>>> print(open('query_16.tsv').read())   # TSV, C-alpha atoms
chain	number	residue	atom	x	y	z
A	23	MET	CA	92.70	115.23	122.33
A	24	SER	CA	92.50	117.43	119.25
A	25	LYS	CA	95.76	117.77	117.35
A	26	SER	CA	94.59	119.80	114.36
A	27	LYS	CA	97.08	121.73	112.27
A	28	VAL	CA	97.10	124.33	109.51
A	29	ALA	CA	97.30	122.68	106.09
A	30	ALA	CA	100.31	123.25	103.91
A	31	THR	CA	100.08	123.98	100.20
A	32	PRO	CA	98.97	120.77	98.43
A	33	ARG	CA	101.77	119.05	96.55
A	34	VAL	CA	100.88	116.89	93.55
A	35	GLY	CA	102.87	115.29	90.77
A	36	VAL	CA	104.41	112.85	93.23
A	37	LYS	CA	106.47	110.07	91.61
A	38	GLU	CA	107.04	107.82	94.62
A	39	VAL	CA	105.00	107.20	97.77
A	40	HIS	CA	105.57	105.14	100.91
A	41	ILE	CA	102.52	103.68	102.63
A	42	LEU	CA	103.09	103.23	106.36
A	43	TRP	CA	100.34	100.90	107.52
A	44	THR	CA	99.96	100.52	111.26
A	45	SER	CA	97.62	98.03	112.91
A	46	GLU	CA	99.09	98.42	116.38
A	47	GLY	CA	96.02	100.18	117.69
A	48	MET	CA	93.22	98.14	119.22
A	49	SER	CA	93.01	95.86	116.20
A	50	CYS	CA	92.53	92.28	115.06
A	51	ASP	CA	94.35	92.87	111.73
A	52	GLY	CA	91.09	91.92	109.99
A	53	ASP	CA	91.28	94.91	107.65
A	54	SER	CA	94.77	93.95	106.47
A	55	VAL	CA	93.54	90.44	105.77
A	56	SER	CA	90.41	91.73	104.01
A	57	VAL	CA	92.33	94.04	101.69
A	58	THR	CA	94.34	91.10	100.36
A	59	ALA	CA	91.05	89.97	98.76
A	60	GLY	CA	90.63	93.24	96.84
A	61	MET	CA	89.91	92.81	93.13
A	62	ASN	CA	89.35	96.36	91.92
A	63	PRO	CA	92.28	96.69	91.69
A	64	LEU	CA	94.51	94.01	93.19
A	65	LEU	CA	96.82	95.26	95.92
A	66	GLU	CA	99.63	93.40	94.15
A	67	ASP	CA	99.01	95.43	90.97
A	68	VAL	CA	99.33	98.70	92.89
A	69	VAL	CA	102.52	97.65	94.67
A	70	ASN	CA	104.09	96.17	91.53
A	71	GLY	CA	103.40	99.28	89.45
A	72	ILE	CA	101.15	97.56	86.92
A	73	ILE	CA	98.51	100.32	86.92
A	74	PRO	CA	99.56	103.12	84.56
A	75	GLY	CA	99.95	106.61	85.97
A	76	LEU	CA	100.22	105.75	89.65
A	77	PRO	CA	103.28	106.76	91.64
A	78	ARG	CA	105.69	104.01	92.61
A	79	VAL	CA	104.39	102.51	95.87
A	80	HIS	CA	106.37	101.08	98.78
A	81	LEU	CA	104.04	99.28	101.20
A	82	HIS	CA	105.08	98.74	104.82
A	83	ASN	CA	102.51	96.46	106.46
A	84	LYS	CA	103.46	93.85	109.03
A	85	VAL	CA	100.94	91.30	107.73
A	86	LEU	CA	102.43	91.46	104.22
A	87	ALA	CA	106.05	92.31	105.03
A	88	TYR	CA	109.09	90.09	104.53
A	89	GLU	CA	111.08	92.21	106.98
A	90	THR	CA	110.92	91.70	110.73
A	91	GLY	CA	112.09	93.49	113.86
A	92	ARG	CA	114.25	96.57	113.50
A	93	GLU	CA	114.43	96.21	109.72
A	94	PHE	CA	110.65	96.49	109.43
A	95	MET	CA	110.57	99.49	111.79
A	96	GLU	CA	113.22	101.53	109.94
A	97	PRO	CA	110.78	103.34	107.57
A	98	PHE	CA	108.63	104.36	110.54
A	99	PHE	CA	111.59	105.83	112.39
A	100	ALA	CA	112.74	107.58	109.21
A	101	ALA	CA	109.29	109.09	108.66
A	102	ALA	CA	109.11	110.29	112.27
A	103	GLU	CA	112.44	112.05	111.74
A	104	GLY	CA	111.25	113.72	108.54
A	105	LYS	CA	113.48	111.60	106.32
A	106	LEU	CA	110.71	109.79	104.42
A	107	ASP	CA	108.63	112.09	102.28
A	108	PRO	CA	105.97	111.79	101.03
A	109	PHE	CA	104.16	109.02	102.86
A	110	ILE	CA	100.56	108.01	103.39
A	111	LEU	CA	99.76	106.91	106.92
A	112	VAL	CA	97.16	104.12	107.02
A	113	VAL	CA	95.80	103.49	110.50
A	114	GLU	CA	94.02	100.25	111.40
A	115	GLY	CA	92.54	99.76	114.86
A	116	SER	CA	91.02	102.16	117.37
A	117	ILE	CA	93.11	104.60	119.37
A	118	PRO	CA	93.33	103.88	123.11
A	119	ASN	CA	93.40	106.65	125.68
A	120	GLU	CA	96.71	106.13	127.44
A	121	HIS	CA	95.83	108.79	130.03
A	122	VAL	CA	93.33	106.49	131.73
A	123	ASN	CA	96.07	104.04	132.70
A	124	VAL	CA	97.38	103.85	136.23
A	125	GLU	CA	100.51	102.21	134.85
A	126	GLY	CA	101.66	100.48	131.68
A	127	TYR	CA	100.09	101.08	128.29
A	128	TRP	CA	97.35	99.69	126.07
A	129	SER	CA	99.14	99.45	122.76
A	130	ALA	CA	102.70	99.83	121.47
A	131	MET	CA	104.78	99.40	118.33
A	132	GLY	CA	108.51	98.86	118.25
A	133	THR	CA	111.12	99.66	120.88
A	134	ASP	CA	112.83	102.93	121.76
A	135	PRO	CA	116.53	102.38	120.91
A	136	ASN	CA	117.60	104.68	123.76
A	137	THR	CA	115.47	103.34	126.60
A	138	GLY	CA	114.63	99.83	125.43
A	139	GLU	CA	110.98	100.54	126.29
A	140	PRO	CA	108.05	99.90	123.92
A	141	ILE	CA	106.88	102.99	122.01
A	142	LYS	CA	103.20	103.64	122.58
A	143	PHE	CA	100.96	103.64	119.52
A	144	THR	CA	99.69	107.12	120.39
A	145	THR	CA	103.30	108.35	120.43
A	146	TRP	CA	103.69	107.10	116.86
A	147	LEU	CA	100.56	108.99	115.84
A	148	ASP	CA	101.90	112.15	117.48
A	149	ARG	CA	105.13	111.78	115.51
A	150	LEU	CA	103.79	110.65	112.13
A	151	ALA	CA	100.48	112.48	111.62
A	152	PRO	CA	102.02	116.00	111.41
A	153	LYS	CA	104.41	114.79	108.68
A	154	ALA	CA	102.04	112.57	106.66
A	155	TRP	CA	101.13	113.56	103.10
A	156	ALA	CA	97.75	111.93	103.73
A	157	VAL	CA	96.10	109.92	106.51
A	158	VAL	CA	93.62	107.10	105.89
A	159	ALA	CA	91.68	105.29	108.62
A	160	VAL	CA	90.77	101.78	107.51
A	161	GLY	CA	87.99	99.82	109.22
A	162	THR	CA	85.40	100.96	111.74
A	163	CYS	CA	87.72	100.65	114.73
A	164	ALA	CA	90.10	103.23	113.24
A	165	THR	CA	87.39	105.47	111.82
A	166	TYR	CA	84.97	105.71	114.75
A	167	GLY	CA	86.28	103.51	117.58
A	168	GLY	CA	84.28	100.39	116.77
A	169	ILE	CA	84.05	97.43	119.12
A	170	HIS	CA	86.82	98.69	121.38
A	171	ALA	CA	85.00	101.96	122.01
A	172	MET	CA	81.69	100.41	123.03
A	173	ALA	CA	80.13	101.28	126.36
A	174	GLY	CA	81.93	99.81	129.35
A	175	ASN	CA	85.31	99.39	127.68
A	176	PRO	CA	88.27	100.16	129.97
A	177	THR	CA	90.58	101.54	127.26
A	178	GLY	CA	88.85	104.81	126.42
A	179	SER	CA	89.30	103.88	122.77
A	180	MET	CA	88.27	106.31	120.04
A	181	GLY	CA	88.43	106.83	116.30
A	182	LEU	CA	91.39	108.51	114.63
A	183	ALA	CA	89.51	111.75	113.93
A	184	ASP	CA	88.56	111.94	117.61
A	185	TYR	CA	92.24	111.66	118.49
A	186	LEU	CA	93.79	113.93	115.85
A	187	GLY	CA	90.82	116.28	115.65
A	188	TRP	CA	88.09	116.42	113.01
A	189	ASP	CA	89.70	119.55	111.58
A	190	TYR	CA	93.07	117.81	111.09
A	191	ARG	CA	94.76	118.43	107.76
A	192	SER	CA	97.76	116.57	106.34
A	193	THR	CA	100.74	118.20	104.67
A	194	ALA	CA	98.82	117.90	101.37
A	195	GLY	CA	95.91	119.81	102.91
A	196	LEU	CA	93.75	116.68	103.12
A	197	PRO	CA	91.40	115.72	105.96
A	198	ILE	CA	91.48	112.22	107.37
A	199	VAL	CA	89.86	109.82	104.92
A	200	ASN	CA	87.63	107.28	106.67
A	201	VAL	CA	86.86	103.93	105.04
A	202	PRO	CA	84.75	102.07	107.64
A	203	GLY	CA	83.68	98.44	107.74
A	204	CYS	CA	84.15	95.55	110.16
A	205	PRO	CA	86.24	94.54	108.35
A	206	VAL	CA	86.51	97.01	105.50
A	207	GLN	CA	85.10	95.89	102.16
A	208	PRO	CA	88.36	95.30	100.23
A	209	ASP	CA	87.44	97.07	96.98
A	210	ASN	CA	86.12	100.09	98.90
A	211	PHE	CA	89.56	100.55	100.39
A	212	MET	CA	91.45	99.84	97.17
A	213	GLU	CA	89.35	102.35	95.20
A	214	THR	CA	89.98	104.96	97.88
A	215	LEU	CA	93.71	104.25	97.91
A	216	VAL	CA	93.95	104.48	94.12
A	217	TRP	CA	92.06	107.80	94.17
A	218	MET	CA	94.56	109.11	96.72
A	219	LEU	CA	97.49	107.91	94.61
A	220	ARG	CA	96.04	109.46	91.46
A	221	TYR	CA	95.57	112.72	93.35
A	222	ALA	CA	99.19	112.48	94.44
A	223	ALA	CA	100.20	112.05	90.81
A	224	GLY	CA	98.11	115.07	89.79
A	225	GLN	CA	95.61	112.96	87.84
A	226	ALA	CA	92.51	113.23	90.05
A	227	PRO	CA	90.60	115.98	91.87
A	228	LEU	CA	90.34	116.24	95.63
A	229	ILE	CA	88.58	113.19	97.02
A	230	PRO	CA	84.89	113.90	97.84
A	231	LEU	CA	84.00	113.13	101.46
A	232	ASP	CA	80.81	113.35	103.49
A	233	ALA	CA	80.44	114.91	106.95
A	234	MET	CA	81.83	111.74	108.56
A	235	LEU	CA	84.86	111.87	106.22
A	236	ARG	CA	83.72	108.86	104.17
A	237	PRO	CA	84.11	108.77	100.35
A	238	THR	CA	80.74	109.91	99.06
A	239	TRP	CA	80.53	107.56	96.07
A	240	LEU	CA	80.97	104.55	98.36
A	241	PHE	CA	78.84	105.55	101.35
A	242	GLY	CA	76.30	107.94	99.82
A	243	LYS	CA	73.49	105.36	99.74
A	244	THR	CA	72.04	102.92	102.21
A	245	VAL	CA	72.22	99.14	102.34
A	246	HIS	CA	68.49	99.09	101.62
A	247	GLU	CA	68.85	101.08	98.40
A	248	GLY	CA	71.23	98.49	96.98
A	249	CYS	CA	69.62	95.38	98.44
A	250	ASP	CA	67.97	92.71	96.30
A	251	ARG	CA	65.39	92.28	99.07
A	252	ALA	CA	64.24	95.93	99.04
A	253	GLY	CA	61.24	95.19	96.82
A	254	TYR	CA	59.82	92.93	99.51
A	255	TYR	CA	59.99	95.79	102.02
A	256	GLU	CA	58.00	98.03	99.70
A	257	GLN	CA	55.30	95.37	99.57
A	258	SER	CA	55.37	94.82	103.32
A	259	ASP	CA	56.49	91.23	102.74
A	260	PHE	CA	58.88	90.41	105.59
A	261	ALA	CA	60.91	87.35	106.48
A	262	SER	CA	60.12	85.65	109.77
A	263	ASP	CA	63.35	83.61	109.81
A	264	TYR	CA	66.79	83.64	108.20
A	265	ASN	CA	65.94	81.01	105.59
A	266	SER	CA	63.66	83.37	103.71
A	267	PRO	CA	64.66	85.44	100.64
A	268	LYS	CA	62.34	88.27	101.77
A	269	CYS	CA	63.13	91.53	103.57
A	270	GLN	CA	64.87	90.92	106.90
A	271	VAL	CA	63.93	94.08	108.80
A	272	LYS	CA	61.74	92.18	111.25
A	273	VAL	CA	64.55	89.73	112.08
A	274	GLY	CA	67.03	92.50	112.88
A	275	CYS	CA	68.29	94.13	109.66
A	276	TRP	CA	69.26	97.81	109.93
A	277	GLY	CA	69.75	98.18	106.17
A	278	PRO	CA	67.26	101.03	105.57
A	279	VAL	CA	69.32	103.46	107.68
A	280	VAL	CA	72.92	102.24	107.25
A	281	ASN	CA	75.34	103.86	104.79
A	282	CYS	CA	77.05	100.96	103.04
A	283	ASN	CA	77.34	99.59	99.49
A	284	VAL	CA	78.08	95.93	100.26
A	285	PRO	CA	74.77	94.46	98.97
A	286	LYS	CA	75.29	96.27	95.66
A	287	ARG	CA	79.00	95.55	95.37
A	288	GLY	CA	79.24	92.15	97.00
A	289	TRP	CA	82.20	91.21	99.13
A	290	MET	CA	84.80	89.62	96.87
A	291	ASN	CA	84.69	89.84	93.09
A	292	GLY	CA	81.00	90.79	93.27
A	293	VAL	CA	80.04	87.77	95.36
A	294	GLY	CA	78.74	87.76	98.94
A	295	GLY	CA	77.78	90.60	101.25
A	296	CYS	CA	75.70	90.35	104.40
A	297	PRO	CA	72.05	90.49	103.16
A	298	ASN	CA	73.06	88.80	99.90
A	299	VAL	CA	73.93	85.60	101.74
A	300	GLY	CA	71.10	85.67	104.30
A	301	GLY	CA	72.73	87.78	106.99
A	302	ILE	CA	71.30	90.94	108.51
A	303	CYS	CA	72.94	94.36	108.43
A	304	ILE	CA	74.14	95.29	111.92
A	305	GLY	CA	75.45	98.73	110.97
A	306	CYS	CA	79.18	98.01	111.11
A	307	THR	CA	80.10	100.95	108.85
A	308	MET	CA	78.36	103.51	111.05
A	309	PRO	CA	79.82	105.85	113.68
A	310	GLY	CA	77.25	104.56	116.21
A	311	PHE	CA	78.38	100.94	115.88
A	312	PRO	CA	78.03	98.81	117.95
A	313	ASP	CA	76.18	100.52	120.81
A	314	LYS	CA	73.36	102.10	118.80
A	315	PHE	CA	72.62	98.86	116.94
A	316	MET	CA	72.38	96.49	119.88
A	317	PRO	CA	70.90	94.07	120.68
A	318	PHE	CA	71.60	92.47	117.33
A	319	MET	CA	68.94	90.26	115.71
A	320	ASP	CA	66.08	92.21	117.29
A	321	GLU	CA	63.81	94.25	115.07
A	322	PRO	CA	65.19	97.83	114.93
A	323	PRO	CA	62.96	100.39	116.68
A	324	GLY	CA	62.49	102.33	113.45
A	325	GLY	CA	61.62	99.10	111.68
A	326	ILE	CA	58.63	98.54	113.94
A	327	VAL	CA	57.18	101.97	113.13
A	328	SER	CA	57.96	102.04	109.42
A	329	SER	CA	56.85	98.47	108.73
A	330	SER	CA	53.59	99.08	110.62
A	331	LEU	CA	52.88	102.24	108.61
A	332	ASN	CA	53.76	100.40	105.43
A	333	LYS	CA	51.63	97.35	106.18
A	334	GLY	CA	48.31	98.54	104.72
A	335	TYR	CA	49.84	100.11	101.63
A	336	GLY	CA	52.29	97.25	101.05
A	337	THR	CA	49.67	94.54	101.45
A	338	LEU	CA	47.34	96.28	98.98
A	339	VAL	CA	50.15	96.79	96.46
A	340	ARG	CA	51.22	93.16	96.75
A	341	ARG	CA	47.70	91.92	96.07
A	342	LEU	CA	47.15	94.24	93.12
A	343	ARG	CA	50.48	93.24	91.63
A	344	GLY	CA	49.52	89.60	92.10
A	345	LEU	CA	46.37	90.15	90.04
A	346	THR	CA	48.33	91.92	87.33
A	347	ASN	CA	50.98	89.21	87.35
A	348	ARG	CA	48.41	86.52	86.77
A	349	ALA	CA	46.84	88.55	83.95
A	350	VAL	CA	50.06	89.20	82.05
A	351	ASN	CA	51.51	85.78	82.77
A	352	LYS	CA	49.40	84.27	79.96
A	353	GLU	CA	49.74	84.32	76.20
A	354	PRO	CA	47.26	86.58	74.42
A	355	LYS	CA	44.48	85.01	72.34
A	356	TRP	CA	45.42	84.36	68.74
A	357	ARG	CA	44.40	87.18	66.48
A	358	HIS	CA	42.87	85.04	63.74
A	359	ASN	CA	39.62	85.18	61.87
A	360	GLY	CA	39.11	81.43	61.79
A	361	SER	CA	38.80	78.57	64.20
A	362	ALA	CA	41.92	76.74	63.01
A	363	LEU	CA	45.57	77.70	63.37
A	364	THR	CA	46.92	78.00	59.83
A	365	THR	CA	50.66	78.25	60.24
A	366	GLY	CA	51.52	75.98	57.39
A	367	TYR	CA	52.91	73.43	59.77
A	368	ASP	CA	52.18	69.90	58.60
A	369	PRO	CA	53.15	67.29	61.16
A	370	ARG	CA	54.90	64.36	59.54
A	371	TYR	CA	53.72	61.94	62.13
A	372	THR	CA	50.24	61.84	63.59
A	373	PRO	CA	49.01	59.88	66.57
>>> encode(input="query_16.tsv", output="structure tokens")
Amino acid sequence: MSKSKVAATPRVGVKEVHILWTSEGMSCDGDSVSVTAGMNPLLEDVVNGIIPGLPRVHLHNKVLAYETGREFMEPFFAAAEGKLDPFILVVEGSIPNEHVNVEGYWSAMGTDPNTGEPIKFTTWLDRLAPKAWAVVAVGTCATYGGIHAMAGNPTGSMGLADYLGWDYRSTAGLPIVNVPGCPVQPDNFMETLVWMLRYAAGQAPLIPLDAMLRPTWLFGKTVHEGCDRAGYYEQSDFASDYNSPKCQVKVGCWGPVVNCNVPKRGWMNGVGGCPNVGGICIGCTMPGFPDKFMPFMDEPPGGIVSSSLNKGYGTLVRRLRGLTNRAVNKEPKWRHNGSALTTGYDPRYTP
């Protein structure tokens, strides 16, 4: 279903941007709800123009909109007709394959004024993506298909890059920007959005992305590398239940191989995040989620091998560190040439 296109000359120095946010794919609107908890920066600060240097932003999101019905849909129709420029298309929810239907459709948004029929979500993508200044996929469903694309699903759902083509380029010459998460970590999305807006204003370089189109500074390290429990793994000291503060690999955590910064960043205002609050990492930011990480709460196959190899080394290290801890966890002997402590202290009261 590739719909790649040749990129136009990038246009920067933009003063005003519309954000058309669609969650009419296979979506639970969880990413829209999550982003309202963003703190770095607040979504309200972006929309209200409080952050210096950003273009003026007009957000069109059904969860946050005051408008309803035809009034809400007007910017989408205008953009499809080439009358709203520039705009950033934010896609939430996986993309269903409408060609596998015998009749009907999987997902739609708005009504065709000429026929009175619902307009399929894929039709909106066909109309809007070629005209978008930039395209951002928010949440794992939009980025890689997510839950709706798991084995056995009847919808043929896929990620946005699978639908538009991994070589897609927007009118600004930008590839799709993927910000995965189930739901997306709110500050991850807000940082990405602000980078895009600063690029639009000519104040930032091209956004750095990895091979899976994720921002590199957000997804360049693993859960394990930012986890407070990682030291226990090194010492082969594993939790056997979810009440333990130790490494959770043996109770199902995929952190050592999952690209995600949630343990380091927290969930909201630096607080929370799966392993931080006793949960395991189930790989929800990864293209292979959920199929390659199931069954959840079982020790990952790689965990069995790596923890076994690490057992001898880790156990030895833990014991040696225990000896050292006990040695340095005492005050040193007083360096004094007499048997009495002569500090000059004279207790006023004696027993």
>>> residues_around(input="query_16.tsv", residues="Phe318 (chain A)", least_positions_apart="4", cutoff="12 Å", atoms="all atoms listed in the file", output="list of chain:residue names")
A:Val271, A:Lys272, A:Val273, A:Gly274, A:Cys275, A:Trp276, A:Gly301, A:Ile302, A:Cys303, A:Ile304, A:Gly305, A:Cys306, A:Phe311, A:Pro312, A:Asp313, A:Lys314, A:Pro322, A:Pro323
>>> residues_near_point(input="query_16.tsv", point="(92.6, 100.7, 126.9)", cutoff="9 Å", atoms="all atoms listed in the file", output="list of chain:residue names")
A:Met48, A:Ile117, A:Pro118, A:Asn119, A:Glu120, A:Val122, A:Asn123, A:Tyr127, A:Trp128, A:Ser129, A:His170, A:Asn175, A:Pro176, A:Thr177, A:Gly178, A:Ser179
>>> write_last_selection(input="query_16.tsv", atoms="C-alpha atoms", output="PDB file, in the coordinates of the input")
ATOM      1  CA  MET A  48      93.220  98.140 119.220  1.00  0.00           C
ATOM      2  CA  ILE A 117      93.110 104.600 119.370  1.00  0.00           C
ATOM      3  CA  PRO A 118      93.330 103.880 123.110  1.00  0.00           C
ATOM      4  CA  ASN A 119      93.400 106.650 125.680  1.00  0.00           C
ATOM      5  CA  GLU A 120      96.710 106.130 127.440  1.00  0.00           C
ATOM      6  CA  VAL A 122      93.330 106.490 131.730  1.00  0.00           C
ATOM      7  CA  ASN A 123      96.070 104.040 132.700  1.00  0.00           C
ATOM      8  CA  TYR A 127     100.090 101.080 128.290  1.00  0.00           C
ATOM      9  CA  TRP A 128      97.350  99.690 126.070  1.00  0.00           C
ATOM     10  CA  SER A 129      99.140  99.450 122.760  1.00  0.00           C
ATOM     11  CA  HIS A 170      86.820  98.690 121.380  1.00  0.00           C
ATOM     12  CA  ASN A 175      85.310  99.390 127.680  1.00  0.00           C
ATOM     13  CA  PRO A 176      88.270 100.160 129.970  1.00  0.00           C
ATOM     14  CA  THR A 177      90.580 101.540 127.260  1.00  0.00           C
ATOM     15  CA  GLY A 178      88.850 104.810 126.420  1.00  0.00           C
ATOM     16  CA  SER A 179      89.300 103.880 122.770  1.00  0.00           C
TER      17      SER A 179
END
>>> atom_distance(input="query_16.tsv", atom1="CA of Arg191 (chain A)", atom2="CA of Lys84 (chain A)")
26.1 Å
>>> residues_around(input="query_16.tsv", residues="Leu150 (chain A)", least_positions_apart="2", cutoff="12 Å", atoms="all atoms listed in the file", output="JSON, numbers by chain")
{"A": [25, 41, 42, 43, 44, 97, 98, 99, 100, 101, 102, 103, 104, 105, 106, 107, 108, 109, 110, 111, 112, 113, 143, 144, 145, 146, 147, 148, 152, 153, 154, 155, 156, 157, 186, 192, 193]}
>>> residues_around(input="query_16.tsv", residues="Ala222 (chain A)", least_positions_apart="5", cutoff="10 Å", atoms="only C-alpha atoms", output="list of chain:residue names")
A:Pro32, A:Arg33, A:Val34, A:Gly35, A:Val36, A:Lys37, A:Glu38, A:Val39, A:Leu76, A:Pro77, A:Pro108, A:Trp155, A:Ala156, A:Ala194, A:Val216, A:Trp217, A:Pro227, A:Leu228
>>> atom_distance(input="query_16.tsv", atom1="CA of Val69 (chain A)", atom2="CA of Gln225 (chain A)")
18.1 Å
>>> closest_residue(input="query_16.tsv", among="A:Val124, A:Leu196, A:Cys269, A:Cys249", to="Ile229 (chain A)", atoms="all atoms listed in the file")
A:Leu196
>>> closest_residue(input="query_16.tsv", among="A:Ala226, A:Met172, A:Leu338, A:Val57", to="Val85 (chain A)", atoms="all atoms listed in the file")
A:Val57
>>> atom_distance(input="query_16.tsv", atom1="CA of Pro285 (chain A)", atom2="CA of Ser116 (chain A)")
25.7 Å
>>> residues_near_point(input="query_16.tsv", point="(86.8, 100.7, 102.8)", cutoff="10 Å", atoms="only C-alpha atoms", output="ChimeraX atom specification")
/A:53,56-57,158-162,199-215,236-237,240-241,282,307
>>> axis_aligned_box(input="query_16.tsv", around="region 241-255 of chain A", padding_each_side="8 Å", output="JSON")
{"center_x": 69.3, "center_y": 100.1, "center_z": 99.3, "size_x": 35.0, "size_y": 31.7, "size_z": 22.0}
>>> closest_residue(input="query_16.tsv", among="A:Arg348, A:Arg340, A:His40, A:Lys243", to="Arg78 (chain A)", atoms="all atoms listed in the file")
A:His40
>>> closest_residue(input="query_16.tsv", among="A:Val339, A:Pro278, A:Pro230, A:Glu321", to="Ser258 (chain A)", atoms="only C-alpha atoms")
A:Val339
>>> residues_around(input="query_16.tsv", residues="Pro140 (chain A)", least_positions_apart="3", cutoff="10 Å", atoms="all atoms listed in the file", output="PDB file with C-alpha atoms, in the frame of the given file")
ATOM      1  CA  TYR A 127     100.090 101.080 128.290  1.00  0.00           C
ATOM      2  CA  SER A 129      99.140  99.450 122.760  1.00  0.00           C
ATOM      3  CA  ALA A 130     102.700  99.830 121.470  1.00  0.00           C
ATOM      4  CA  MET A 131     104.780  99.400 118.330  1.00  0.00           C
ATOM      5  CA  GLY A 132     108.510  98.860 118.250  1.00  0.00           C
ATOM      6  CA  THR A 133     111.120  99.660 120.880  1.00  0.00           C
ATOM      7  CA  ASP A 134     112.830 102.930 121.760  1.00  0.00           C
ATOM      8  CA  PRO A 135     116.530 102.380 120.910  1.00  0.00           C
ATOM      9  CA  THR A 137     115.470 103.340 126.600  1.00  0.00           C
ATOM     10  CA  PHE A 143     100.960 103.640 119.520  1.00  0.00           C
TER      11      PHE A 143
END
>>> closest_residue(input="query_16.tsv", among="A:Met218, A:Val284, A:Met234, A:Met61", to="Gly181 (chain A)", atoms="all atoms listed in the file")
A:Met234
>>> closest_residue(input="query_16.tsv", among="A:Cys296, A:Tyr88, A:Cys50, A:Gln270", to="Met319 (chain A)", atoms="only C-alpha atoms")
A:Gln270
>>> decode(input="query_16.tsv", residues="region 340-345 of chain A", atoms="all heavy atoms", output="JSON list (two decimals), in the first residue's frame")
[["chain", "number", "residue", "atom", "x", "y", "z"],
["A", 340, "ARG", "N", 28.31, -9.96, 43.80],
["A", 340, "ARG", "CA", 27.44, -9.56, 44.91],
["A", 340, "ARG", "C", 28.08, -9.89, 46.26],
["A", 340, "ARG", "O", 28.04, -9.10, 47.19],
["A", 340, "ARG", "CB", 26.08, -10.24, 44.78],
["A", 340, "ARG", "CG", 25.07, -9.75, 45.79],
["A", 340, "ARG", "CD", 23.65, -10.15, 45.42],
["A", 340, "ARG", "NE", 23.39, -11.56, 45.63],
["A", 340, "ARG", "CZ", 23.22, -12.45, 44.65],
["A", 340, "ARG", "NH1", 23.29, -12.06, 43.39],
["A", 340, "ARG", "NH2", 22.97, -13.72, 44.92],
["A", 341, "ARG", "N", 28.71, -11.06, 46.35],
["A", 341, "ARG", "CA", 29.35, -11.45, 47.60],
["A", 341, "ARG", "C", 30.58, -10.59, 47.91],
["A", 341, "ARG", "O", 30.80, -10.18, 49.05],
["A", 341, "ARG", "CB", 29.73, -12.92, 47.54],
["A", 341, "ARG", "CG", 28.52, -13.85, 47.60],
["A", 341, "ARG", "CD", 28.91, -15.31, 47.45],
["A", 341, "ARG", "NE", 27.74, -16.18, 47.54],
["A", 341, "ARG", "CZ", 27.76, -17.49, 47.32],
["A", 341, "ARG", "NH1", 28.92, -18.07, 46.99],
["A", 341, "ARG", "NH2", 26.66, -18.20, 47.42],
["A", 342, "LEU", "N", 31.38, -10.33, 46.89],
["A", 342, "LEU", "CA", 32.56, -9.49, 47.10],
["A", 342, "LEU", "C", 32.16, -8.08, 47.50],
["A", 342, "LEU", "O", 32.78, -7.46, 48.39],
["A", 342, "LEU", "CB", 33.42, -9.46, 45.84],
["A", 342, "LEU", "CG", 34.12, -10.77, 45.46],
["A", 342, "LEU", "CD1", 34.84, -10.63, 44.12],
["A", 342, "LEU", "CD2", 35.10, -11.19, 46.56],
["A", 343, "ARG", "N", 31.12, -7.56, 46.88],
["A", 343, "ARG", "CA", 30.65, -6.22, 47.23],
["A", 343, "ARG", "C", 30.08, -6.21, 48.64],
["A", 343, "ARG", "O", 30.17, -5.19, 49.35],
["A", 343, "ARG", "CB", 29.62, -5.75, 46.22],
["A", 343, "ARG", "CG", 30.24, -5.37, 44.88],
["A", 343, "ARG", "CD", 29.20, -4.99, 43.86],
["A", 343, "ARG", "NE", 29.83, -4.58, 42.61],
["A", 343, "ARG", "CZ", 29.16, -4.33, 41.49],
["A", 343, "ARG", "NH1", 27.84, -4.46, 41.47],
["A", 343, "ARG", "NH2", 29.81, -3.96, 40.41],
["A", 344, "GLY", "N", 29.48, -7.32, 49.06],
["A", 344, "GLY", "CA", 28.97, -7.41, 50.41],
["A", 344, "GLY", "C", 30.09, -7.32, 51.43],
["A", 344, "GLY", "O", 29.97, -6.64, 52.46],
["A", 345, "LEU", "N", 31.21, -7.99, 51.14],
["A", 345, "LEU", "CA", 32.36, -7.92, 52.04],
["A", 345, "LEU", "C", 32.91, -6.50, 52.12],
["A", 345, "LEU", "O", 33.22, -5.98, 53.20],
["A", 345, "LEU", "CB", 33.46, -8.88, 51.55],
["A", 345, "LEU", "CG", 33.16, -10.38, 51.63],
["A", 345, "LEU", "CD1", 34.27, -11.17, 50.95],
["A", 345, "LEU", "CD2", 32.99, -10.82, 53.08]]
